[in-house]
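Printed here is input-v1.tsv (TSV, C-alpha atoms):
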```
chain	number	residue	atom	x	y	z
P	42	MET	CA	-29.78	16.58	-35.85
P	43	ILE	CA	-31.54	19.46	-34.14
P	44	GLY	CA	-32.25	17.14	-31.25
P	45	HIS	CA	-28.56	16.33	-30.90
P	46	LEU	CA	-27.58	20.00	-31.06
P	47	SER	CA	-30.03	20.98	-28.37
P	48	TYR	CA	-28.80	18.09	-26.26
P	49	PHE	CA	-25.21	19.26	-26.49
P	50	ALA	CA	-26.20	22.85	-25.80
P	51	LYS	CA	-27.86	21.76	-22.59
P	52	GLY	CA	-24.90	19.58	-21.72
P	53	PHE	CA	-22.45	22.44	-22.02
P	54	LYS	CA	-24.56	24.77	-19.93
P	55	THR	CA	-22.36	25.80	-17.04
P	56	LYS	CA	-23.83	25.56	-13.58
P	57	ALA	CA	-23.25	27.93	-10.70
P	58	ILE	CA	-20.44	26.81	-8.45
P	59	GLU	CA	-21.85	25.02	-5.46
P	60	THR	CA	-21.13	26.78	-2.24
P	61	PHE	CA	-19.34	24.66	0.27
P	62	SER	CA	-19.26	25.43	3.93
P	63	LEU	CA	-16.80	24.08	6.41
P	64	THR	CA	-19.61	23.02	8.74
P	65	SER	CA	-21.20	20.85	6.06
P	66	ALA	CA	-17.81	19.32	5.29
P	67	PHE	CA	-17.46	18.33	8.94
P	68	GLN	CA	-20.61	16.20	8.90
P	69	THR	CA	-18.57	13.18	7.82
P	70	PRO	CA	-15.75	11.79	9.99
P	71	TYR	CA	-12.44	13.54	9.47
P	72	LYS	CA	-8.86	12.98	10.54
P	73	VAL	CA	-5.49	14.62	10.19
P	74	LEU	CA	-4.07	13.95	6.73
P	75	GLY	CA	-1.06	11.69	6.54
P	76	ARG	CA	2.08	12.13	4.49
P	77	ARG	CA	0.69	10.56	1.32
P	78	GLY	CA	-2.56	12.48	1.67
P	79	LEU	CA	-0.67	15.78	1.84
P	80	GLU	CA	1.41	14.80	-1.19
P	81	ARG	CA	-1.65	13.98	-3.27
P	82	LEU	CA	-3.56	17.08	-2.16
P	83	ASP	CA	-0.72	19.38	-3.21
P	84	LEU	CA	-0.18	17.51	-6.49
P	85	LEU	CA	-3.88	17.88	-7.33
P	86	LEU	CA	-3.65	21.62	-6.69
P	87	LEU	CA	-0.60	21.64	-8.95
P	88	VAL	CA	-2.69	19.96	-11.67
P	89	ILE	CA	-5.28	22.73	-11.27
P	90	GLU	CA	-2.49	25.26	-11.86
P	91	SER	CA	-1.33	23.29	-14.90
P	92	LEU	CA	-4.84	23.35	-16.38
P	93	ASP	CA	-5.51	26.99	-15.60
P	94	LEU	CA	-2.70	29.51	-16.04
P	95	ASN	CA	-4.41	31.81	-13.52
P	96	GLY	CA	-5.06	28.86	-11.24
P	97	SER	CA	-3.29	30.22	-8.16
P	98	GLN	CA	-5.22	33.49	-8.33
P	99	ALA	CA	-8.47	31.64	-9.04
P	100	MET	CA	-7.85	29.56	-5.91
P	101	ILE	CA	-7.70	32.72	-3.78
P	102	TRP	CA	-10.89	34.09	-5.33
P	103	ASN	CA	-12.61	30.75	-4.84
P	104	SER	CA	-11.35	30.61	-1.28
P	105	HIS	CA	-12.98	34.01	-0.59
P	106	GLN	CA	-16.17	32.83	-2.27
P	107	LEU	CA	-16.28	29.73	-0.09
P	108	GLY	CA	-15.66	31.75	3.08
P	109	PHE	CA	-12.16	30.45	3.81
P	110	ASP	CA	-10.59	33.90	4.28
P	111	LYS	CA	-9.84	32.89	7.86
P	112	TYR	CA	-7.52	30.12	6.67
P	113	PHE	CA	-6.22	31.52	3.37
P	114	PRO	CA	-6.56	35.31	3.41
P	115	ASN	CA	-3.85	35.62	0.75
P	116	SER	CA	-1.69	33.54	-1.55
P	117	VAL	CA	1.15	33.38	1.01
P	118	GLU	CA	-1.03	31.62	3.58
P	119	LEU	CA	-2.27	29.22	0.91
P	120	TRP	CA	1.32	28.55	-0.12
P	121	LYS	CA	2.31	27.95	3.51
P	122	ALA	CA	-0.48	25.39	3.90
P	123	ARG	CA	0.59	23.64	0.69
P	124	CYS	CA	4.20	23.55	1.86
P	125	HIS	CA	3.25	20.78	4.33
P	126	ASN	CA	3.75	18.48	1.34
P	127	PRO	CA	7.02	16.66	2.18
P	128	LEU	CA	7.91	16.49	-1.53
P	129	ARG	CA	8.29	20.27	-1.74
P	130	LYS	CA	11.69	21.92	-2.03
P	131	LYS	CA	10.88	24.05	0.98
P	132	SER	CA	8.56	21.85	2.96
P	133	ARG	CA	7.21	22.65	6.41
P	134	ARG	CA	7.40	20.14	9.20
P	135	GLY	CA	4.34	18.85	11.02
P	136	ALA	CA	0.83	18.00	10.00
P	137	LEU	CA	-1.69	20.35	8.44
P	138	LYS	CA	-4.46	21.46	10.84
P	139	ILE	CA	-7.76	19.65	10.29
P	140	GLN	CA	-9.63	22.89	9.50
P	141	GLU	CA	-7.00	23.87	6.95
P	142	SER	CA	-7.00	20.45	5.27
P	143	GLU	CA	-10.82	20.46	5.15
P	144	ALA	CA	-10.72	23.92	3.59
P	145	LEU	CA	-8.17	22.75	1.02
P	146	ILE	CA	-10.31	19.70	0.17
P	147	SER	CA	-13.39	21.87	-0.34
P	148	LEU	CA	-11.36	24.37	-2.35
P	149	LEU	CA	-9.97	21.61	-4.56
P	150	SER	CA	-13.38	20.09	-5.19
P	151	SER	CA	-14.78	23.51	-6.01
P	152	MET	CA	-11.90	24.23	-8.42
P	153	ALA	CA	-12.44	20.83	-10.08
P	154	THR	CA	-16.14	21.70	-10.55
P	155	ARG	CA	-15.12	25.04	-12.07
P	156	LEU	CA	-12.67	23.43	-14.50
P	157	TYR	CA	-14.87	20.40	-15.22
P	158	PRO	CA	-15.61	21.27	-18.90
P	159	GLN	CA	-11.86	21.49	-19.59
P	160	ILE	CA	-11.16	18.27	-17.68
P	161	HIS	CA	-13.95	16.54	-19.59
P	162	GLN	CA	-12.44	17.58	-22.92
P	163	LEU	CA	-9.08	16.14	-21.89
P	164	LEU	CA	-10.54	12.80	-20.83
P	165	SER	CA	-13.07	12.31	-23.59
P	166	LYS	CA	-12.21	9.88	-26.37
P	167	LYS	CA	-14.92	11.36	-28.55
P	168	GLU	CA	-12.96	14.57	-29.08
P	169	PRO	CA	-10.76	14.80	-32.22
P	170	GLN	CA	-7.59	12.83	-31.43
P	171	ASP	CA	-5.06	15.39	-32.69
P	172	ILE	CA	-6.65	18.17	-30.64
P	173	THR	CA	-6.78	15.95	-27.54
P	174	GLN	CA	-3.12	15.04	-27.98
P	175	ALA	CA	-2.17	18.70	-28.31
P	176	ARG	CA	-4.13	19.50	-25.13
P	177	TRP	CA	-2.41	16.67	-23.25
P	178	LYS	CA	0.99	17.78	-24.46
P	179	LEU	CA	0.34	21.32	-23.27
P	180	PHE	CA	-0.90	20.10	-19.90
P	181	GLN	CA	2.01	17.71	-19.40
P	182	GLU	CA	4.61	20.35	-20.27
P	183	ARG	CA	3.12	22.75	-17.77
P	184	PHE	CA	2.75	20.04	-15.09
P	185	TYR	CA	6.35	18.90	-15.64
P	186	GLU	CA	7.63	22.49	-15.33
P	187	LEU	CA	5.69	23.11	-12.13
P	188	VAL	CA	6.88	19.86	-10.54
P	189	GLN	CA	10.47	20.62	-11.55
P	190	GLU	CA	10.20	24.16	-10.19
P	191	ARG	CA	8.63	23.40	-6.83
P	192	MET	CA	9.44	19.83	-5.82
P	193	ASN	CA	12.55	18.32	-4.29
P	194	HIS	CA	14.29	16.35	-7.06
P	195	ARG	CA	16.10	14.10	-4.61
P	196	ARG	CA	12.84	12.47	-3.57
P	197	GLY	CA	12.08	9.17	-5.31
P	198	ALA	CA	8.41	10.11	-5.76
P	199	VAL	CA	9.38	13.32	-7.57
P	200	GLN	CA	11.87	11.45	-9.76
P	201	ARG	CA	9.08	9.02	-10.70
P	202	ILE	CA	6.78	11.90	-11.67
P	203	LEU	CA	9.51	13.49	-13.78
P	204	HIS	CA	10.24	10.22	-15.56
P	205	ASP	CA	9.05	10.39	-19.19
P	206	HIS	CA	6.43	7.65	-19.18
P	207	GLN	CA	5.37	8.15	-15.59
P	208	THR	CA	4.55	11.87	-16.07
P	209	GLU	CA	1.90	10.93	-18.62
P	210	ARG	CA	0.43	8.11	-16.52
P	211	ILE	CA	0.46	10.01	-13.22
P	212	GLY	CA	-0.84	13.18	-14.89
P	213	ARG	CA	-3.71	11.26	-16.45
P	214	HIS	CA	-4.64	9.64	-13.15
P	215	LEU	CA	-4.58	13.03	-11.38
P	216	VAL	CA	-6.83	14.57	-14.05
P	217	LEU	CA	-9.25	11.63	-13.72
P	218	THR	CA	-9.19	12.18	-9.95
P	219	LEU	CA	-10.21	15.81	-10.50
P	220	ALA	CA	-13.06	14.67	-12.76
P	221	LEU	CA	-14.35	12.29	-10.09
P	222	ILE	CA	-14.18	14.83	-7.25
P	223	ALA	CA	-16.11	17.51	-9.11
P	224	GLY	CA	-19.70	18.08	-8.10
P	225	PRO	CA	-21.70	17.64	-4.93
P	226	GLY	CA	-20.40	14.24	-3.77
P	227	GLY	CA	-16.77	14.94	-4.69
P	228	CYS	CA	-15.64	16.33	-1.34
P	229	ASP	CA	-16.48	13.16	0.61
P	230	ARG	CA	-14.89	10.95	-2.03
P	231	LEU	CA	-11.70	13.00	-2.06
P	232	ARG	CA	-11.44	13.14	1.74
P	233	ALA	CA	-11.88	9.37	1.97
P	234	SER	CA	-9.22	8.72	-0.69
P	235	LEU	CA	-6.73	11.07	0.97
P	236	LEU	CA	-7.11	9.15	4.21
P	237	ASP	CA	-6.36	5.76	2.61
P	238	ARG	CA	-4.04	3.59	4.66
P	239	THR	CA	-0.96	2.56	2.70
P	240	PRO	CA	1.30	-0.42	3.42
W	245	MET	CA	-48.80	14.88	-9.38
W	246	GLN	CA	-46.21	13.19	-11.58
W	247	VAL	CA	-42.77	14.73	-11.00
W	248	SER	CA	-39.75	14.40	-13.21
W	249	PHE	CA	-36.21	15.51	-12.45
W	250	ARG	CA	-33.43	15.63	-14.97
W	251	TYR	CA	-29.68	15.73	-14.33
W	252	ASP	CA	-27.61	16.77	-17.32
W	253	GLN	CA	-23.91	16.51	-17.97
W	254	THR	CA	-21.95	16.87	-21.22
W	255	SER	CA	-22.35	13.28	-22.36
W	256	ALA	CA	-24.85	11.79	-19.91
W	257	ARG	CA	-28.37	12.56	-18.87
W	258	LEU	CA	-30.34	10.94	-16.07
W	259	GLN	CA	-34.08	11.43	-15.80
W	260	VAL	CA	-36.06	10.17	-12.84
W	261	ASP	CA	-39.86	10.09	-12.88
W	262	GLY	CA	-42.13	9.40	-9.96
W	263	LEU	CA	-44.56	10.68	-7.39
W	264	PRO	CA	-44.41	12.24	-3.94
W	265	ASP	CA	-45.06	9.78	-1.12
W	266	PHE	CA	-48.00	11.45	0.64
W	267	SER	CA	-48.17	8.67	3.25
W	268	ARG	CA	-44.83	10.00	4.55
W	269	GLY	CA	-46.02	13.58	4.57
W	270	GLN	CA	-44.12	14.60	1.44
W	271	HIS	CA	-45.53	17.58	-0.43
W	272	SER	CA	-45.93	18.03	-4.15
W	273	GLY	CA	-42.70	18.86	-5.94
W	274	THR	CA	-40.77	16.13	-4.14
W	275	LEU	CA	-40.10	12.61	-5.33
W	276	GLY	CA	-40.67	9.75	-2.92
W	277	ILE	CA	-41.72	6.93	-5.26
W	278	VAL	CA	-39.70	6.21	-8.41
W	279	SER	CA	-41.87	4.92	-11.22
W	280	SER	CA	-39.19	4.90	-13.93
W	281	TRP	CA	-35.83	6.33	-14.87
W	282	THR	CA	-33.80	6.70	-18.04
W	283	LEU	CA	-30.08	7.12	-18.49
W	284	SER	CA	-28.76	8.24	-21.86
W	285	PHE	CA	-25.21	8.59	-23.09
W	286	VAL	CA	-24.46	10.51	-26.27
W	287	GLY	CA	-24.02	7.98	-29.06
W	288	LEU	CA	-24.80	4.98	-26.84
W	289	THR	CA	-27.89	2.99	-25.90
W	290	GLN	CA	-30.51	4.52	-23.64
W	291	LEU	CA	-31.02	2.60	-20.42
W	292	GLU	CA	-34.21	2.46	-18.43
W	293	GLY	CA	-35.52	0.54	-15.50
W	294	LYS	CA	-37.20	0.47	-12.13
W	295	LYS	CA	-36.08	1.77	-8.76
W	296	GLU	CA	-34.22	-1.50	-7.97
W	297	HIS	CA	-32.09	-1.11	-11.08
W	298	LEU	CA	-31.23	2.49	-10.20
W	299	GLN	CA	-30.34	1.36	-6.69
W	300	ALA	CA	-28.08	-1.37	-8.15
W	301	LEU	CA	-26.44	1.21	-10.43
W	302	LEU	CA	-25.73	3.46	-7.45
W	303	ARG	CA	-24.34	0.57	-5.38
W	304	VAL	CA	-21.96	-0.41	-8.15
W	305	VAL	CA	-20.85	2.80	-9.87
W	306	LEU	CA	-20.16	4.99	-6.82
W	307	PRO	CA	-17.86	2.50	-4.99
W	308	TYR	CA	-16.14	1.84	-8.33
W	309	ALA	CA	-15.46	5.57	-8.71
W	310	ARG	CA	-14.22	5.69	-5.12
W	311	HIS	CA	-11.74	2.84	-5.78
W	312	THR	CA	-10.68	4.35	-9.12
W	313	LEU	CA	-9.78	7.51	-7.21
W	314	SER	CA	-7.37	5.45	-5.09
W	315	GLY	CA	-5.94	3.81	-8.21
W	316	ILE	CA	-7.42	0.38	-7.50
W	317	ASP	CA	-8.98	-1.72	-10.25
W	318	LYS	CA	-11.75	-3.82	-8.81
W	319	THR	CA	-14.89	-5.31	-10.30
W	320	PHE	CA	-18.12	-4.26	-8.63
W	321	GLY	CA	-21.38	-6.17	-8.97
W	322	ASP	CA	-21.66	-9.92	-8.39
W	323	ALA	CA	-23.45	-12.57	-10.45
W	324	LEU	CA	-26.81	-11.72	-8.87
W	325	SER	CA	-26.51	-7.96	-9.36
W	326	PRO	CA	-28.20	-6.57	-12.49
W	327	VAL	CA	-25.25	-4.20	-13.02
W	328	SER	CA	-21.51	-4.77	-12.86
W	329	ILE	CA	-18.59	-2.52	-13.74
W	330	SER	CA	-14.89	-3.22	-14.16
W	331	SER	CA	-11.79	-1.67	-15.65
W	332	PHE	CA	-11.25	-2.48	-19.33
W	333	LYS	CA	-7.81	-3.30	-20.82
W	334	ASP	CA	-5.49	-1.69	-18.30
W	335	ARG	CA	-7.64	1.38	-17.61
W	336	GLU	CA	-8.40	2.13	-21.24
W	337	GLY	CA	-12.04	2.33	-20.33
W	338	HIS	CA	-14.75	1.09	-17.99
W	339	LEU	CA	-16.92	-1.84	-18.99
W	340	MET	CA	-20.45	-1.75	-17.61
W	341	LYS	CA	-22.53	-4.92	-17.96
W	342	LEU	CA	-26.28	-4.79	-17.56
W	343	LYS	CA	-28.28	-7.98	-17.14
W	344	SER	CA	-31.89	-7.95	-18.18
W	345	SER	CA	-34.50	-9.39	-15.82
W	346	GLN	CA	-36.17	-10.98	-18.85
W	347	LYS	CA	-35.07	-14.45	-19.83
W	348	ASP	CA	-33.18	-15.16	-23.07
W	349	VAL	CA	-31.92	-11.59	-23.27
W	350	GLU	CA	-28.18	-11.24	-23.61
W	351	PRO	CA	-26.46	-8.88	-21.13
W	352	LEU	CA	-25.78	-5.45	-22.54
W	353	GLU	CA	-22.19	-4.23	-22.45
W	354	ILE	CA	-21.37	-0.54	-22.52
W	355	LEU	CA	-17.80	0.71	-22.74
W	356	LEU	CA	-17.40	4.10	-21.09
W	357	ASP	CA	-14.38	6.35	-21.35
W	358	ASP	CA	-13.12	8.33	-18.33
W	359	ALA	CA	-15.17	11.40	-19.23
W	360	GLU	CA	-18.38	9.39	-19.54
W	361	LEU	CA	-17.72	7.68	-16.22
W	362	ALA	CA	-17.19	11.08	-14.56
W	363	ASP	CA	-20.44	12.35	-16.12
W	364	LEU	CA	-22.32	9.27	-14.88
W	365	VAL	CA	-20.91	9.70	-11.36
W	366	ARG	CA	-21.87	13.39	-11.33
W	367	CYS	CA	-25.43	12.61	-12.52
W	368	LEU	CA	-25.85	9.94	-9.83
W	369	ASP	CA	-24.35	12.23	-7.15
W	370	GLU	CA	-26.65	15.09	-8.09
W	371	MET	CA	-29.66	12.81	-8.01
W	372	ARG	CA	-28.92	11.14	-4.67
W	373	LEU	CA	-28.00	14.44	-2.99
W	374	ASP	CA	-30.92	16.37	-4.46
W	375	PRO	CA	-33.10	17.53	-1.51
W	376	ARG	CA	-36.19	17.19	-3.74
W	377	VAL	CA	-35.56	13.44	-4.11
W	378	GLN	CA	-36.59	12.14	-0.71
W	379	ILE	CA	-35.55	8.53	-1.07
W	380	LYS	CA	-33.10	6.87	1.26
W	381	TRP	CA	-30.67	5.17	-1.10
W	382	ASP	CA	-28.73	2.19	0.17
W	383	VAL	CA	-25.27	3.37	-0.89
W	384	PRO	CA	-22.08	2.56	1.06
W	385	ASN	CA	-20.45	5.61	2.62
W	386	ASP	CA	-17.15	6.83	1.23
W	387	ARG	CA	-14.51	5.55	3.63
W	388	PRO	CA	-10.72	5.35	3.61
W	389	LEU	CA	-9.45	2.05	2.24
W	390	SER	CA	-7.61	-0.35	4.54
W	391	LYS	CA	-4.01	-1.46	4.10
W	392	ARG	CA	-5.22	-4.78	2.71
W	393	GLU	CA	-7.35	-3.06	0.08
W	394	THR	CA	-4.59	-0.71	-1.06
W	395	ALA	CA	-1.94	-3.45	-0.99
W	396	THR	CA	-2.79	-4.59	-4.54
W	397	LYS	CA	-1.88	-1.15	-5.85
W	398	TRP	CA	1.63	-1.14	-4.46
W	399	GLY	CA	2.81	-4.56	-5.62
W	400	TYR	CA	5.19	-6.95	-3.90
W	401	THR	CA	8.34	-4.89	-4.55
W	402	SER	CA	6.97	-1.79	-2.83
W	403	ARG	CA	5.39	-3.72	0.02
W	404	PHE	CA	8.17	-6.15	0.87
W	405	GLY	CA	11.22	-4.52	-0.76
W	406	GLN	CA	12.27	-2.35	2.16
W	407	PRO	CA	11.66	-4.93	4.95
W	408	PHE	CA	13.51	-7.54	2.85
W	409	LEU	CA	16.52	-5.25	2.32
W	410	ALA	CA	16.55	-4.33	6.01
W	411	THR	CA	16.54	-8.01	7.07
W	412	LEU	CA	19.28	-8.77	4.53
W	413	ALA	CA	21.44	-5.89	5.81
W	414	PHE	CA	20.94	-7.02	9.42
W	415	LEU	CA	21.91	-10.63	8.62
W	416	ALA	CA	24.99	-9.52	6.66
W	417	PHE	CA	26.13	-7.26	9.47
W	418	ALA	CA	25.50	-9.98	12.08
W	419	SER	CA	27.45	-12.61	10.09
W	420	ILE	CA	30.43	-10.24	9.73
W	421	LEU	CA	30.41	-9.73	13.48
W	422	ILE	CA	30.28	-13.50	14.08
W	423	LEU	CA	33.35	-14.03	11.88
W	424	LEU	CA	35.44	-11.55	13.87
W	425	PRO	CA	37.67	-13.28	16.49
W	426	ILE	CA	36.71	-12.63	20.10
W	427	PRO	CA	39.58	-10.72	21.78
W	428	GLN	CA	41.25	-12.86	24.52
W	429	ASN	CA	41.47	-10.91	27.78
W	430	ASP	CA	44.85	-11.26	29.52
W	431	TYR	CA	43.91	-11.75	33.17
W	432	ARG	CA	47.55	-12.00	34.21
W	433	THR	CA	48.46	-8.37	33.79
W	434	THR	CA	48.67	-7.94	37.57
W	435	PRO	CA	51.01	-10.25	39.49
W	436	VAL	CA	49.30	-13.19	41.16
W	437	LEU	CA	50.18	-14.23	44.74
W	438	SER	CA	51.87	-17.49	43.65
W	439	ASP	CA	54.06	-15.54	41.22
W	440	THR	CA	55.26	-13.20	43.97
W	441	LYS	CA	56.18	-16.21	46.12
W	442	GLU	CA	58.21	-17.65	43.29
W	443	LEU	CA	59.98	-14.34	42.89
W	444	GLU	CA	60.74	-14.23	46.59
W	445	ASN	CA	62.24	-17.76	46.49
W	446	GLN	CA	64.50	-16.73	43.70
```

I'd like the structure from this file rewritten - as structure tokens, please.
Amino acid sequence: MIGHLSYFAKGFKTKAIETFSLTSAFQTPYKVLGRRGLERLDLLLLVIESLDLNGSQAMIWNSHQLGFDKYFPNSVELWKARCHNPLRKKSRRGALKIQESEALISLLSSMATRLYPQIHQLLSKKEPQDITQARWKLFQERFYELVQERMNHRRGAVQRILHDHQTERIGRHLVLTLALIAGPGGCDRLRASLLDRTP
Amino acid sequence: MQVSFRYDQTSARLQVDGLPDFSRGQHSGTLGIVSSWTLSFVGLTQLEGKKEHLQALLRVVLPYARHTLSGIDKTFGDALSPVSISSFKDREGHLMKLKSSQKDVEPLEILLDDAELADLVRCLDEMRLDPRVQIKWDVPNDRPLSKRETATKWGYTSRFGQPFLATLAFLAFASILILLPIPQNDYRTTPVLSDTKELENQ
């Protein structure tokens, strides 16, 4: 039993947030994000905000920590970059600059690493079921509210997210995405998935 | 000389033991030759093997995670591979099958939930990107998926729905136009020379 306890204690030990630099992110090929990539990137940031009530502020702090002050010196600039998502109520035309999208990818991966223990609890089937359900309910309510508040309801993609069954399924997939992009190899995986070609 | 590195996550732990490869100029404290490794999941069987098995695990689990990120269910690991992984019952879990190199040993099946898969991926990532582990792993690079690869995710309705409707609308519009009578142009609006002659005779 003692062995198990010590194992868990080591497992829960939080690690220092890895520092990402834009130069290291550029070592792999990069391209301008397409429409779907921008949509997913913003939705994943929205999931971060749903998981962490102070998520938007934490993003700014993390951005400073990662050295992205040049791109996102304040929450307004971060919001302006996120508004390139065509699903937004007030979306901005044009593509996001490569440097800005790289910074957002690094920021997202870093935030996922920071929230990993919480994400793990949500995804684990070994947690007590009633507690997990309550956590999911809380997350979905918050995610639903944020989508309703910020996204354009006339868009089919937004309507799909707001649909009862789809919210749960899409929310779960987005949380799993965050789990898989946390850690040192997450940035490359996320960048590659955002650049997927869709029919 | 023996070095051992451990990578811990909440429900998974990967330990790699080995030696530095002095023939390549590696110094003590680095790992260049893997002698053994163990992978333990809380409440599940402990796995162990040689470098080849760890390489197979990397080649199968990391691309699977990459495809899962894009929402594509695909089985990784062929009949010859000691490890294979696939989605279980409509994404309820992830089924990892491990074939033993010894004869008459049944393959081991481990069902991982999403959290355990994420822990495994993080352990493998930390190990392969650890600067102290100086082994060149043969792992495919993360790359964007092609249209053909992502096509399975979208289904026939999403892929062909819009082009089909567009073709249908074009045909309907064209057939309506065909049914309309062609207006007959009256070329005799201006008096012809023969007509004027007739008029003069009258």

Inset, instruction - For each of W:Leu275, W:Val365, W:Ile422, W:Ala300, take the minimum atom-to-atom distance to Ile222 (chain P), counting all atoms listed in the file, then give the residue where this is smallest. - result: W:Val365

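Within 6 Å of chain W, counting only C-alpha atoms, chain P contributes Gly52, Phe53, His161, Leu164, Ser165, Thr218, Ala220, Leu221, Gly226, Arg230, Ala233, Ser234, Leu236, Asp237, Arg238, Thr239 and Pro240 of chain P.
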
Inset, instruction - Work out how far apart CA of Asn193 (chain P) and CA of Leu128 (chain P) are and give it in Å to one decimal. - result: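 The value is 5.7 Å.
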
Legend entry - Spatial neighbours of region 70-87 of chain P, max dist 10 Å, only C-alpha atoms, sep filter under 5 positions, as number ranges by chain: P: 92-93, 96-97, 100, 120, 122-129, 135-143, 145-146, 148-150, 152-153, 183-184, 187-188, 191-192, 198, 212, 215-216, 218-219, 229, 231-239; W: 387

Legend entry - Between CA of Glu296 (chain W) and CA of Asp382 (chain W), distance in Å (one decimal):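 If I compute the distance from CA of Glu296 (chain W) to CA of Asp382 (chain W), I get 10.5 Å.
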
Inset, instruction - Could you check which of W:Gln428, W:Val247, W:Val304, W:Leu324 is closest to Met340 (chain W), using all atoms listed in the file? - result: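 For Met340 (chain W), the nearest of the given residues is W:Val304.
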
Inset, instruction - Work out how far apart CA of Gln207 (chain P) and CA of Gln189 (chain P) are and give it in Å to one decimal. - result: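 Answer for the CA of Gln207 (chain P) to CA of Gln189 (chain P) separation: 14.1 Å.
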
Inset, instruction - Give me the residues within 12 Å of Pro351 (chain W) as a PyMOL selection string, counting only C-alpha atoms and dropping any in the same chain fewer than 5 places off. - result: chain W and resi 323+325-328+340-346

Legend entry - Selection: 9 Å around Ser104 (chain P), all atoms listed in the file, excl. self and same-chain fewer than 6 positions, as number ranges by chain: P: 110, 112-114, 144-145, 148

How would region 312-324 of chain W read, as a PDB file, in the coordinates of the input, once N, CA and C atoms are built in?
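Generated output (selection.pdb):
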```
ATOM      1  N   THR W 312     -11.464   3.810  -7.992  1.00  0.00           N
ATOM      2  CA  THR W 312     -10.680   4.350  -9.120  1.00  0.00           C
ATOM      3  C   THR W 312      -9.863   5.553  -8.643  1.00  0.00           C
ATOM      4  N   LEU W 313     -10.467   6.335  -7.771  1.00  0.00           N
ATOM      5  CA  LEU W 313      -9.780   7.510  -7.210  1.00  0.00           C
ATOM      6  C   LEU W 313      -8.506   7.099  -6.476  1.00  0.00           C
ATOM      7  N   SER W 314      -8.554   5.947  -5.812  1.00  0.00           N
ATOM      8  CA  SER W 314      -7.370   5.450  -5.090  1.00  0.00           C
ATOM      9  C   SER W 314      -6.464   4.611  -5.983  1.00  0.00           C
ATOM     10  N   GLY W 315      -6.789   4.532  -7.258  1.00  0.00           N
ATOM     11  CA  GLY W 315      -5.940   3.810  -8.210  1.00  0.00           C
ATOM     12  C   GLY W 315      -6.076   2.300  -8.123  1.00  0.00           C
ATOM     13  N   ILE W 316      -7.228   1.831  -7.654  1.00  0.00           N
ATOM     14  CA  ILE W 316      -7.420   0.380  -7.500  1.00  0.00           C
ATOM     15  C   ILE W 316      -8.458  -0.122  -8.487  1.00  0.00           C
ATOM     16  N   ASP W 317      -8.053  -1.105  -9.279  1.00  0.00           N
ATOM     17  CA  ASP W 317      -8.980  -1.720 -10.250  1.00  0.00           C
ATOM     18  C   ASP W 317      -9.694  -2.871  -9.574  1.00  0.00           C
ATOM     19  N   LYS W 318     -10.977  -2.758  -9.451  1.00  0.00           N
ATOM     20  CA  LYS W 318     -11.750  -3.820  -8.810  1.00  0.00           C
ATOM     21  C   LYS W 318     -13.100  -3.910  -9.512  1.00  0.00           C
ATOM     22  N   THR W 319     -13.580  -5.131  -9.674  1.00  0.00           N
ATOM     23  CA  THR W 319     -14.890  -5.310 -10.300  1.00  0.00           C
ATOM     24  C   THR W 319     -15.973  -5.186  -9.240  1.00  0.00           C
ATOM     25  N   PHE W 320     -16.992  -4.416  -9.548  1.00  0.00           N
ATOM     26  CA  PHE W 320     -18.120  -4.260  -8.630  1.00  0.00           C
ATOM     27  C   PHE W 320     -19.376  -4.839  -9.272  1.00  0.00           C
ATOM     28  N   GLY W 321     -20.151  -5.546  -8.475  1.00  0.00           N
ATOM     29  CA  GLY W 321     -21.380  -6.170  -8.970  1.00  0.00           C
ATOM     30  C   GLY W 321     -21.156  -7.663  -9.130  1.00  0.00           C
ATOM     31  N   ASP W 322     -21.843  -8.461  -8.316  1.00  0.00           N
ATOM     32  CA  ASP W 322     -21.660  -9.920  -8.390  1.00  0.00           C
ATOM     33  C   ASP W 322     -22.607 -10.532  -9.431  1.00  0.00           C
ATOM     34  N   ALA W 323     -22.650 -11.860  -9.445  1.00  0.00           N
ATOM     35  CA  ALA W 323     -23.450 -12.570 -10.450  1.00  0.00           C
ATOM     36  C   ALA W 323     -24.947 -12.269 -10.307  1.00  0.00           C
ATOM     37  N   LEU W 324     -25.373 -11.969  -9.096  1.00  0.00           N
ATOM     38  CA  LEU W 324     -26.810 -11.720  -8.870  1.00  0.00           C
ATOM     39  C   LEU W 324     -27.204 -10.269  -9.166  1.00  0.00           C
TER      40      LEU W 324
END
```
